[in-house]
Amino acid sequence: MTHCLHDGRGNTWVAIAGLGVARFSDADDASPVRIDAFFDAPALGGDVTAMYVDDRGDAWIASRRRPAEPRRCGGADGPHALRNRLSGLLFYCRCRIRLLRHGGRGGPAPGAGTARSPVCRAAALRSRPSSPIRCAGRSMPADRSRELYRVSGDRLARLNPKGARPRRIRDLAADSHGIVWVTSAETGITRYNPATDDYKHFEQRPYTVSYNIDTLTKIAEGGGLLWIKMNNWGFGYYDRERDEVEPFYNDPRQPNCQMTNAVVRFDVHDDVLWLSTYHERGLRKAVILRQPAEVFTLDSKSPNPLSGEIRALMTDSRGRMWVGTRDGELIAFDAANKPVYTLPAQGRRGTGMIYALKEDSSGNIWVGTKGEGLYRMTPGDGGFEVTHFTHSDTDVWSLSDDQVYCVEEDGAGRIWVATYGGGINLLEDPAGHCFVHAGNLMTHYPLDEAGRVRWLLYDRPDRMFAATVDGLLVFDPGASAKLMRFRLVQKIPGDAESLGNNDIIQMLRDSEGRIWLATFGGGLNLISGYDGEGMPRFRCYDKTAGLAGNICMALTEDRQGDLWVSTHNAVSRFDPRRGIFSNYYLYDNMRNAVFSEATALTAPQGDVLFGSGRHLYRFDPDEVRAVKIDYELRFTGLDVRNKPVAAGRRSPLAESVTEADRIVLPYNFSNFRMEFASLNFAIQHIVGYMYKLEGYDQDWNISGNTNRATYSNVPIGRYTLHVKAFVGNADAAGEGITIGVEVLPLGSPGGPRRSTCCWRWPSPPWPSASPVRSSASAARRASSRT
């Protein structure tokens, strides 16, 4: 027997030298195993050199030689003689004109299908359950050695793939998409796609030492990618959309080249790729960054990478999503993400950098720009009538400044405009042209302290907020402009209920009426209440509370009431009911994405969107919430009195610490340190730990990224050490692991004995551990150095 494989239907495929391939069928009951299909060596073209069973139960087979000469499958050398060697054998056999099916006592059964071409040495066998098929007729010679055949049920069909055919086949493997990967004597690897019925050969330029000889190939899937090690040299991942094998940091023509392309071994587990190259040797670790979000990229006409940045998002009353960019593009998309409207360029200098979008209660679209003022888009027949507002030194009622960052509507339908340099503006008549501001009627406006306004939020008829770079401005929007009073709230050092930081980027009023502030450096702030003078008090959530970062760029609320906050390069989900953060990084969750200011949106269908440069990251919060992290938490080492402990007969450990369920210590050796680690190498660098010795500790100890627990002089008794891992907030920790701890009293079996002066153990009390305490500990330390 040269090969033995199992398929997903409970069958076993066995290749036998000199005979062929048999398929054994196993039943659920105690009935004997039977052979329900057989493909003889002459029909396959010789002994099997490679065999693979894919996830669908299809068997792919490659043989060593060309098909055998014709022979009769009857008489002394026919099926009777073969049946003596493999009792009850069932198999296909090729005749000169057609494939015949032998149905047992009934003999040959014609009509099983026509096979016009000879059987070759590489065949694809579909193991669909069918009636028993026995040998009849004779095999057909073949003069081709690079053809593929498929056996489906009782039909044999020769495949004629397009493209250059591989030479002598040495190995076959299929991936999860049904693509067959063929290894031949040629450098590289060949792809056979059953859907398009074609071959395509992949090969990379050699970038390794000249004496490298490596004929092993391997495919493996991990991190959502198919990884390929080619024959001789070549390594990369398969891009299914482009149908190309992309090099993996090993193309010397690219500036990101970091290694040669002759990979000796590689393995991929979860989202971590481990590989070793022939020239550099050693071990490399690569974390595969997964992306849970759908990414939309807007094309930009300018080569400037910042010009196409998305800086404004909005959904209107018709469910359309509006996107505004720094290069002046304003596009409306329908629910299928198809553009349905584009604002034509306005004026000689263009529309300007769009920073604000707002639809008012009358259906007007207000567009704020940085440098080109404000636009009012009034719906008309098949489009919009556009009115442009700018600052004029000769018109005191014009806009106070042309840098417009936010537009808000109050309960009376009036329009408020935040400018970055001219404070706030009030347009009492949304259809008018006269703006009230500090340059005319708002004589009490603190323009020096609050001239740069980023955001406006209407709370109730007597309270409105303006977020500035120097604090939070509170005022009564219902008062007349001349009598309107403004109070600036700023951070007070040492006051835990003051602002986290004065620079406020965005504000949000959630479905429960709570006011949230995204600050630059002070985390996420909640207005928790008001003092006797009506000034707000705050509760600050920063990194110590589990937030991914203290620089909050944008925020939005989903339909479940959770807040989504983009920090500088991550997204945090905050559950205000439990006060718990969960952090996500794009790819393995939004890592390496730099998010834009005040660019967040919850779409009508519930998806959450964040802007990052020219990209929009869109994801379903319910799907992200459902993802559970497997921390693969393990105990990795035990020290007693600062000495490592190994398992042994007189040791506190009966077995390795990674497998032990308890440790046993004498009372005067109750100073110990337990080490633990997450073996999920994809997130190991951001994992925090917490532990508790039940029966000794009153509460959990949060150790952060310190992966050890130390205890001294633990009293006699039995305890349980609990360890949990978390990312972000400790309240979101996983289930964790436990180990029992028993401290023995005096006189216990194996415990200390009495001397005239003190209690002491025989020397030594247990064997010392070797320098490498355990394979898990060694792996953890190796990964920390990589």
# chains A, B, ... in the order shown; residues from 1 in each chain; ligands from 1
call {"tool": "residues_around", "arguments": {"residues": "stretch 489-497 of chain A", "least_positions_apart": "3", "cutoff": "6 Å", "atoms": "only C-alpha atoms", "output": "list in words"}}
result
Gly471, Leu472, Asn501, Asn502, Arg537, Phe538 and Arg539 of chain A
call {"tool": "write_last_selection", "arguments": {"atoms": "C-alpha atoms", "output": "CSV table (one decimal), in the first residue's frame"}}
result
chain,number,residue,atom,x,y,z
A,471,GLY,CA,-13.2,73.8,25.1
A,472,LEU,CA,-16.9,73.3,25.0
A,501,ASN,CA,-9.1,67.6,26.6
A,502,ASN,CA,-10.1,71.0,25.3
A,537,ARG,CA,-19.8,67.6,34.3
A,538,PHE,CA,-18.0,64.8,32.5
A,539,ARG,CA,-17.0,61.2,32.7
call {"tool": "closest_atom_pairs", "arguments": {"of": "stretch 546-661 of chain A", "to": "stretch 336-349 of chain A", "cutoff": "12 Å", "atoms": "only C-alpha atoms", "output": "CSV"}}
result
residue,atom,partner,partner_atom,distance
A:Ala603,CA,A:Asn337,CA,11.5
A:Gln605,CA,A:Ala336,CA,11.3
A:Leu616,CA,A:Asn337,CA,11.6
A:Arg618,CA,A:Asn337,CA,11.4
call {"tool": "atom_distance", "arguments": {"atom1": "atom CA of A:Val624", "atom2": "atom CA of A:Phe520"}}
result
25.7 Å
call {"tool": "select_by_dssp", "arguments": {"residues": "stretch 642-757 of chain A", "states": "helix (DSSP H, G or I)", "output": "list of chain:residue names"}}
result
A:Tyr667, A:Asn668, A:Phe669, A:Gln684, A:His685, A:Ile686, A:Ala730, A:Asp731, A:Ala732
call {"tool": "closest_atom_pairs", "arguments": {"of": "stretch 608-667 of chain A", "to": "stretch 723-741 of chain A", "cutoff": "8 Å", "atoms": "only C-alpha atoms", "output": "JSON lines"}}
result
{"residue": "A:Ile629", "atom": "CA", "partner": "A:Gly734", "partner_atom": "CA", "distance": 7.8}
{"residue": "A:Tyr631", "atom": "CA", "partner": "A:Ala725", "partner_atom": "CA", "distance": 6.8}
{"residue": "A:Leu633", "atom": "CA", "partner": "A:Ile737", "partner_atom": "CA", "distance": 6.9}
{"residue": "A:Arg634", "atom": "CA", "partner": "A:Ile737", "partner_atom": "CA", "distance": 7.3}
{"residue": "A:Ala660", "atom": "CA", "partner": "A:Ile739", "partner_atom": "CA", "distance": 7.4}
{"residue": "A:Asp661", "atom": "CA", "partner": "A:Ile739", "partner_atom": "CA", "distance": 5.1}
{"residue": "A:Arg662", "atom": "CA", "partner": "A:Gly740", "partner_atom": "CA", "distance": 4.0}
{"residue": "A:Ile663", "atom": "CA", "partner": "A:Val741", "partner_atom": "CA", "distance": 5.0}
{"residue": "A:Val664", "atom": "CA", "partner": "A:Val741", "partner_atom": "CA", "distance": 6.1}
{"residue": "A:Leu665", "atom": "CA", "partner": "A:Val741", "partner_atom": "CA", "distance": 7.7}
call {"tool": "closest_residue", "arguments": {"among": "A:Gly422, A:Gly328, A:Pro247, A:Pro745", "to": "A:Lys229", "atoms": "only C-alpha atoms"}}
result
A:Pro247
call {"tool": "select_by_dssp", "arguments": {"residues": "stretch 631-687 of chain A", "states": "strand (DSSP E)", "output": "count of residues only"}}
result
22
call {"tool": "residues_around", "arguments": {"residues": "A:Gly611", "least_positions_apart": "2", "cutoff": "6 Å", "atoms": "only C-alpha atoms", "output": "PDB file with N, CA and C atoms, in the first residue's frame"}}
result
ATOM      1  N   ILE A 310     -11.923  61.518   2.115  1.00  0.00           N
ATOM      2  CA  ILE A 310     -13.333  61.671   2.443  1.00  0.00           C
ATOM      3  C   ILE A 310     -13.441  62.399   3.786  1.00  0.00           C
ATOM      4  N   PHE A 595      -7.781  57.044  10.295  1.00  0.00           N
ATOM      5  CA  PHE A 595      -9.146  57.483  10.072  1.00  0.00           C
ATOM      6  C   PHE A 595      -9.254  58.998  10.021  1.00  0.00           C
ATOM      7  N   SER A 596     -10.246  59.450   9.275  1.00  0.00           N
ATOM      8  CA  SER A 596     -10.459  60.881   9.071  1.00  0.00           C
ATOM      9  C   SER A 596     -11.301  61.460  10.194  1.00  0.00           C
ATOM     10  N   THR A 599     -15.788  61.689  10.462  1.00  0.00           N
ATOM     11  CA  THR A 599     -16.288  60.991   9.270  1.00  0.00           C
ATOM     12  C   THR A 599     -16.758  59.614   9.688  1.00  0.00           C
ATOM     13  N   HIS A 615     -10.732  55.933   1.284  1.00  0.00           N
ATOM     14  CA  HIS A 615     -11.457  54.686   1.505  1.00  0.00           C
ATOM     15  C   HIS A 615     -12.623  54.891   2.467  1.00  0.00           C
ATOM     16  N   LEU A 616     -13.643  54.086   2.258  1.00  0.00           N
ATOM     17  CA  LEU A 616     -14.745  53.967   3.197  1.00  0.00           C
ATOM     18  C   LEU A 616     -14.768  52.539   3.697  1.00  0.00           C
TER      19      LEU A 616
END
call {"tool": "residues_around", "arguments": {"residues": "A:Phe486", "least_positions_apart": "5", "cutoff": "12 Å", "atoms": "only C-alpha atoms", "output": "NGL selection string"}}
result
:A and (423-424 or 438 or 442-447 or 449-450 or 463-466 or 471-477 or 479 or 481 or 535)
call {"tool": "closest_residue", "arguments": {"among": "A:Leu508, A:Val407, A:Ile683, A:Val295", "to": "A:Ile365", "atoms": "only C-alpha atoms"}}
result
A:Val407
call {"tool": "residues_around", "arguments": {"residues": "A:Ile189", "least_positions_apart": "4", "cutoff": "6 Å", "atoms": "only C-alpha atoms", "output": "compact mmCIF listing (two decimals) with C-alpha atoms, in the first residue's frame"}}
result
# COMPACT_ATOMS: atom_id res chain seq x y z
CA THR A 183 3.40 19.55 -9.23
CA HIS A 201 1.68 27.63 -14.96
CA PHE A 202 3.17 29.90 -12.31
CA MET A 230 6.57 26.14 -5.56
